[in-house]
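Undergrad: Sharing a structure here in structure tokens format.
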Amino acid sequence: TLYWVRYHNTLLFKPSVYWVNEADIRRFIGPDVANQFIMHSHVHKKAKRWDGALGLTYSRAYAAVPENGYKTVADEIRPFLEVNYDLPFGKVLLQQRFRLDNRFIQTIESQSVLEESIFIQRYRYRLLARIPLLTDEGQTLRLSVRVGDEIMLNHTGNTFDQNRIFVLFDYYLNKKISLETGYIYIYQQRFRHDDFFCRHVIRFSLFHRIARWESAQ
């Protein structure tokens with residue numbers, strides 16, 4: 001069982017162009033051991049129901065099994081492409097995402113990920129439904145739930161990477177700040193191993209939205 005704590009910042013240059021930056025700390029609950037630190041940065045362009053993005057991820061992987069701890073840390077650099085498509089059904093919004101991860105993972109501790117790494121191309125497909133639960137008197141959304149599933153496949157080694165099933169609740173304090181909490185179940189195979197992990201994750205997130213054109217007014 002793990003807990004993830006995330007800060008998610010969105011900088012909107014205009015309604016159709018925005019920049020997302022995320023920082024995520026992931027730790028085991030018992031014993032309290034670091035699992036991963038990960039950062040994402042991606043720029044998006046929207047066109048009606050479509051949303052395309054280019055991004056870069058930096059990751060540091062620590063312990064895979066908390067009881068064993070860790071003696072080495074593996075860095076990863078991950079350029080990625082993604083495409084999103086939104087399909088509304090009444091008040092429910094169905095969202096699909098395809099992401100292509102180009103993973104460069106450090107293999108020798110004494111050398112950087114740029115000097116010595118393995119390359120894995122990973123294909124990710126996510127389907128989720130965003131359902132409004134509570135609005136105020138002005139019909140402003142205050143609480144919603146996201147229910148979804150994401151599967152990930154590798155181009156080499158073991159084809160199956162992992163599957164994530166999640167239920168997440170979003171509470172909107174105002175137009176700029178929202179809080180998220182929820183549960184993620186992860187079934188994952190270790191790369192080029194026969195080991196499988198069943199992860200139970202509790203996630204907490206702070207979403208911060210900044211509109212550049214609003215700041216200029």
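Note on naming: chains are A, B, ... as they come in the structure tokens, residues start from 1 per chain, ligands start from 1 in the order shown.
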Please, which residues in segment 101-151 of chain A fall within 7 Å of segment 72-93 of chain A when counting only C-alpha atoms, and what is the closest atom pair and distance in Å to one decimal for each, ordered by chain then residue number, as JSON lines?
TA:
{"residue": "A:Asp101", "atom": "CA", "partner": "A:Phe80", "partner_atom": "CA", "distance": 4.6}
{"residue": "A:Asn102", "atom": "CA", "partner": "A:Arg78", "partner_atom": "CA", "distance": 5.3}
{"residue": "A:Arg103", "atom": "CA", "partner": "A:Arg78", "partner_atom": "CA", "distance": 4.6}
{"residue": "A:Phe104", "atom": "CA", "partner": "A:Ile77", "partner_atom": "CA", "distance": 5.3}
{"residue": "A:Ile105", "atom": "CA", "partner": "A:Glu76", "partner_atom": "CA", "distance": 4.4}
{"residue": "A:Gln106", "atom": "CA", "partner": "A:Asp75", "partner_atom": "CA", "distance": 5.4}
{"residue": "A:Glu109", "atom": "CA", "partner": "A:Thr72", "partner_atom": "CA", "distance": 7.0}
{"residue": "A:Val113", "atom": "CA", "partner": "A:Asp75", "partner_atom": "CA", "distance": 6.3}
{"residue": "A:Ala129", "atom": "CA", "partner": "A:Leu93", "partner_atom": "CA", "distance": 5.7}
{"residue": "A:Arg130", "atom": "CA", "partner": "A:Leu93", "partner_atom": "CA", "distance": 5.1}
{"residue": "A:Ile131", "atom": "CA", "partner": "A:Val92", "partner_atom": "CA", "distance": 5.0}
{"residue": "A:Pro132", "atom": "CA", "partner": "A:Lys91", "partner_atom": "CA", "distance": 6.9}
Undergrad: How close does each residue of segment 24-114 of chain A get to segment 9-16 of chain A, giving the shortest atom pair and distance in Å to one decimal for every residue with an atom at most 12 Å away, counting only C-alpha atoms, sorted by chain and residue number, as JSON lines?
TA:
{"residue": "A:Asp24", "atom": "CA", "partner": "A:Asn9", "partner_atom": "CA", "distance": 11.7}
{"residue": "A:Met39", "atom": "CA", "partner": "A:Asn9", "partner_atom": "CA", "distance": 11.4}
{"residue": "A:His40", "atom": "CA", "partner": "A:Asn9", "partner_atom": "CA", "distance": 10.3}
{"residue": "A:Ser41", "atom": "CA", "partner": "A:Asn9", "partner_atom": "CA", "distance": 9.6}
{"residue": "A:His42", "atom": "CA", "partner": "A:Thr10", "partner_atom": "CA", "distance": 9.7}
{"residue": "A:Val43", "atom": "CA", "partner": "A:Leu11", "partner_atom": "CA", "distance": 9.5}
{"residue": "A:His44", "atom": "CA", "partner": "A:Ser16", "partner_atom": "CA", "distance": 7.9}
{"residue": "A:Lys45", "atom": "CA", "partner": "A:Ser16", "partner_atom": "CA", "distance": 5.6}
{"residue": "A:Lys46", "atom": "CA", "partner": "A:Ser16", "partner_atom": "CA", "distance": 4.7}
{"residue": "A:Ala47", "atom": "CA", "partner": "A:Ser16", "partner_atom": "CA", "distance": 6.9}
{"residue": "A:Lys48", "atom": "CA", "partner": "A:Ser16", "partner_atom": "CA", "distance": 8.8}
{"residue": "A:Arg49", "atom": "CA", "partner": "A:Ser16", "partner_atom": "CA", "distance": 10.8}
{"residue": "A:Trp50", "atom": "CA", "partner": "A:Ser16", "partner_atom": "CA", "distance": 10.3}
{"residue": "A:Asp51", "atom": "CA", "partner": "A:Ser16", "partner_atom": "CA", "distance": 8.7}
{"residue": "A:Gly52", "atom": "CA", "partner": "A:Ser16", "partner_atom": "CA", "distance": 10.4}
{"residue": "A:Ala53", "atom": "CA", "partner": "A:Ser16", "partner_atom": "CA", "distance": 11.6}
Undergrad: Give me the residues near Tyr187 of chain A as a list in words, where near means some atom within 8 Å (using only C-alpha atoms) and where sequence neighbours in that chain fewer than 3 positions away do not count.
TA: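 The contact residues come out as Gln162, Asn163, Arg164, Phe196, Phe197, Cys198 and Arg199 of chain A.
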Undergrad: Could you give me, as a Markdown table, every segment 59-145 of chain A residue with an atom at most 10 Å from segment 174-185 of chain A, plus its closest atom pair and distance in Å to one decimal, counting only C-alpha atoms, rows ordered by chain then number?
TA:
| residue | atom | partner | partner_atom | distance |
| --- | --- | --- | --- | --- |
| A:Thr140 | CA | A:Asn174 | CA | 9.1 |
| A:Leu141 | CA | A:Asn174 | CA | 9.2 |
| A:Arg142 | CA | A:Asn174 | CA | 8.2 |
| A:Leu143 | CA | A:Ser178 | CA | 9.4 |
| A:Ser144 | CA | A:Glu180 | CA | 9.6 |
| A:Val145 | CA | A:Gly182 | CA | 9.1 |
Undergrad: Let's see if you can do this: from backbone DSSP, list all strand (DSSP E or B) residues in segment 35-214 of chain A, as a VMD selection string.
TA: chain A and resid 35 to 47 50 to 61 74 to 89 92 to 106 117 to 135 141 to 154 160 to 172 177 to 189 196 to 211
Undergrad: Rounded to one decimal place, report the atom CA of Trp19 of chain A-atom CA of Gly148 of chain A distance in Å.
TA: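 A separation of 23.6 Å between them.
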Undergrad: I'd like the contact shell of Arg190 of chain A - 10 Å cut-off, only C-alpha atoms, skipping same-chain residues fewer than 3 positions apart - returned as a PDB file with N, CA, C and O atoms, in the first residue's frame.
TA:
ATOM      1  N   ALA A  64      11.336  -0.969  -4.723  1.00  0.00           N
ATOM      2  CA  ALA A  64      10.205  -1.658  -5.341  1.00  0.00           C
ATOM      3  C   ALA A  64       9.468  -2.508  -4.315  1.00  0.00           C
ATOM      4  O   ALA A  64       8.256  -2.677  -4.388  1.00  0.00           O
ATOM      5  N   GLY A 157      10.733  -6.704 -24.141  1.00  0.00           N
ATOM      6  CA  GLY A 157      10.661  -7.350 -22.834  1.00  0.00           C
ATOM      7  C   GLY A 157       9.295  -7.970 -22.647  1.00  0.00           C
ATOM      8  O   GLY A 157       8.761  -8.608 -23.552  1.00  0.00           O
ATOM      9  N   ASN A 158       8.696  -7.799 -21.465  1.00  0.00           N
ATOM     10  CA  ASN A 158       7.337  -8.267 -21.257  1.00  0.00           C
ATOM     11  C   ASN A 158       6.365  -7.267 -21.885  1.00  0.00           C
ATOM     12  O   ASN A 158       6.436  -6.062 -21.652  1.00  0.00           O
ATOM     13  N   PHE A 160       3.039  -6.912 -21.474  1.00  0.00           N
ATOM     14  CA  PHE A 160       2.177  -6.290 -20.469  1.00  0.00           C
ATOM     15  C   PHE A 160       3.030  -5.544 -19.457  1.00  0.00           C
ATOM     16  O   PHE A 160       3.970  -6.095 -18.877  1.00  0.00           O
ATOM     17  N   ASP A 161       2.702  -4.287 -19.228  1.00  0.00           N
ATOM     18  CA  ASP A 161       3.408  -3.501 -18.213  1.00  0.00           C
ATOM     19  C   ASP A 161       2.560  -3.385 -16.949  1.00  0.00           C
ATOM     20  O   ASP A 161       2.964  -3.845 -15.887  1.00  0.00           O
ATOM     21  N   GLN A 162       1.383  -2.777 -17.083  1.00  0.00           N
ATOM     22  CA  GLN A 162       0.526  -2.636 -15.907  1.00  0.00           C
ATOM     23  C   GLN A 162      -0.884  -2.220 -16.305  1.00  0.00           C
ATOM     24  O   GLN A 162      -1.130  -1.763 -17.425  1.00  0.00           O
ATOM     25  N   HIS A 193      10.924  -9.520 -15.751  1.00  0.00           N
ATOM     26  CA  HIS A 193      10.846 -10.424 -14.610  1.00  0.00           C
ATOM     27  C   HIS A 193       9.497 -11.143 -14.646  1.00  0.00           C
ATOM     28  O   HIS A 193       8.581 -10.734 -15.337  1.00  0.00           O
ATOM     29  N   ASP A 194       9.409 -12.208 -13.854  1.00  0.00           N
ATOM     30  CA  ASP A 194       8.145 -12.917 -13.715  1.00  0.00           C
ATOM     31  C   ASP A 194       7.357 -12.429 -12.502  1.00  0.00           C
ATOM     32  O   ASP A 194       6.302 -12.971 -12.185  1.00  0.00           O
ATOM     33  N   ASP A 195       7.880 -11.415 -11.800  1.00  0.00           N
ATOM     34  CA  ASP A 195       7.214 -10.890 -10.613  1.00  0.00           C
ATOM     35  C   ASP A 195       6.065  -9.974 -11.003  1.00  0.00           C
ATOM     36  O   ASP A 195       6.160  -9.205 -11.963  1.00  0.00           O
ATOM     37  N   PHE A 196       4.991 -10.045 -10.229  1.00  0.00           N
ATOM     38  CA  PHE A 196       3.852  -9.139 -10.403  1.00  0.00           C
ATOM     39  C   PHE A 196       3.576  -8.447  -9.073  1.00  0.00           C
ATOM     40  O   PHE A 196       3.653  -9.078  -8.014  1.00  0.00           O
ATOM     41  N   PHE A 197       3.262  -7.165  -9.144  1.00  0.00           N
ATOM     42  CA  PHE A 197       2.917  -6.390  -7.961  1.00  0.00           C
ATOM     43  C   PHE A 197       1.433  -6.029  -7.991  1.00  0.00           C
ATOM     44  O   PHE A 197       0.891  -5.693  -9.048  1.00  0.00           O
TER      45      PHE A 197
END
Undergrad: Which of these residues is nearest to Thr135 of chain A, using only C-alpha atoms: A:His200, A:Tyr172, A:Gly30, A:Ile25?
TA: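 Nearest to Thr135 of chain A: A:Tyr172.
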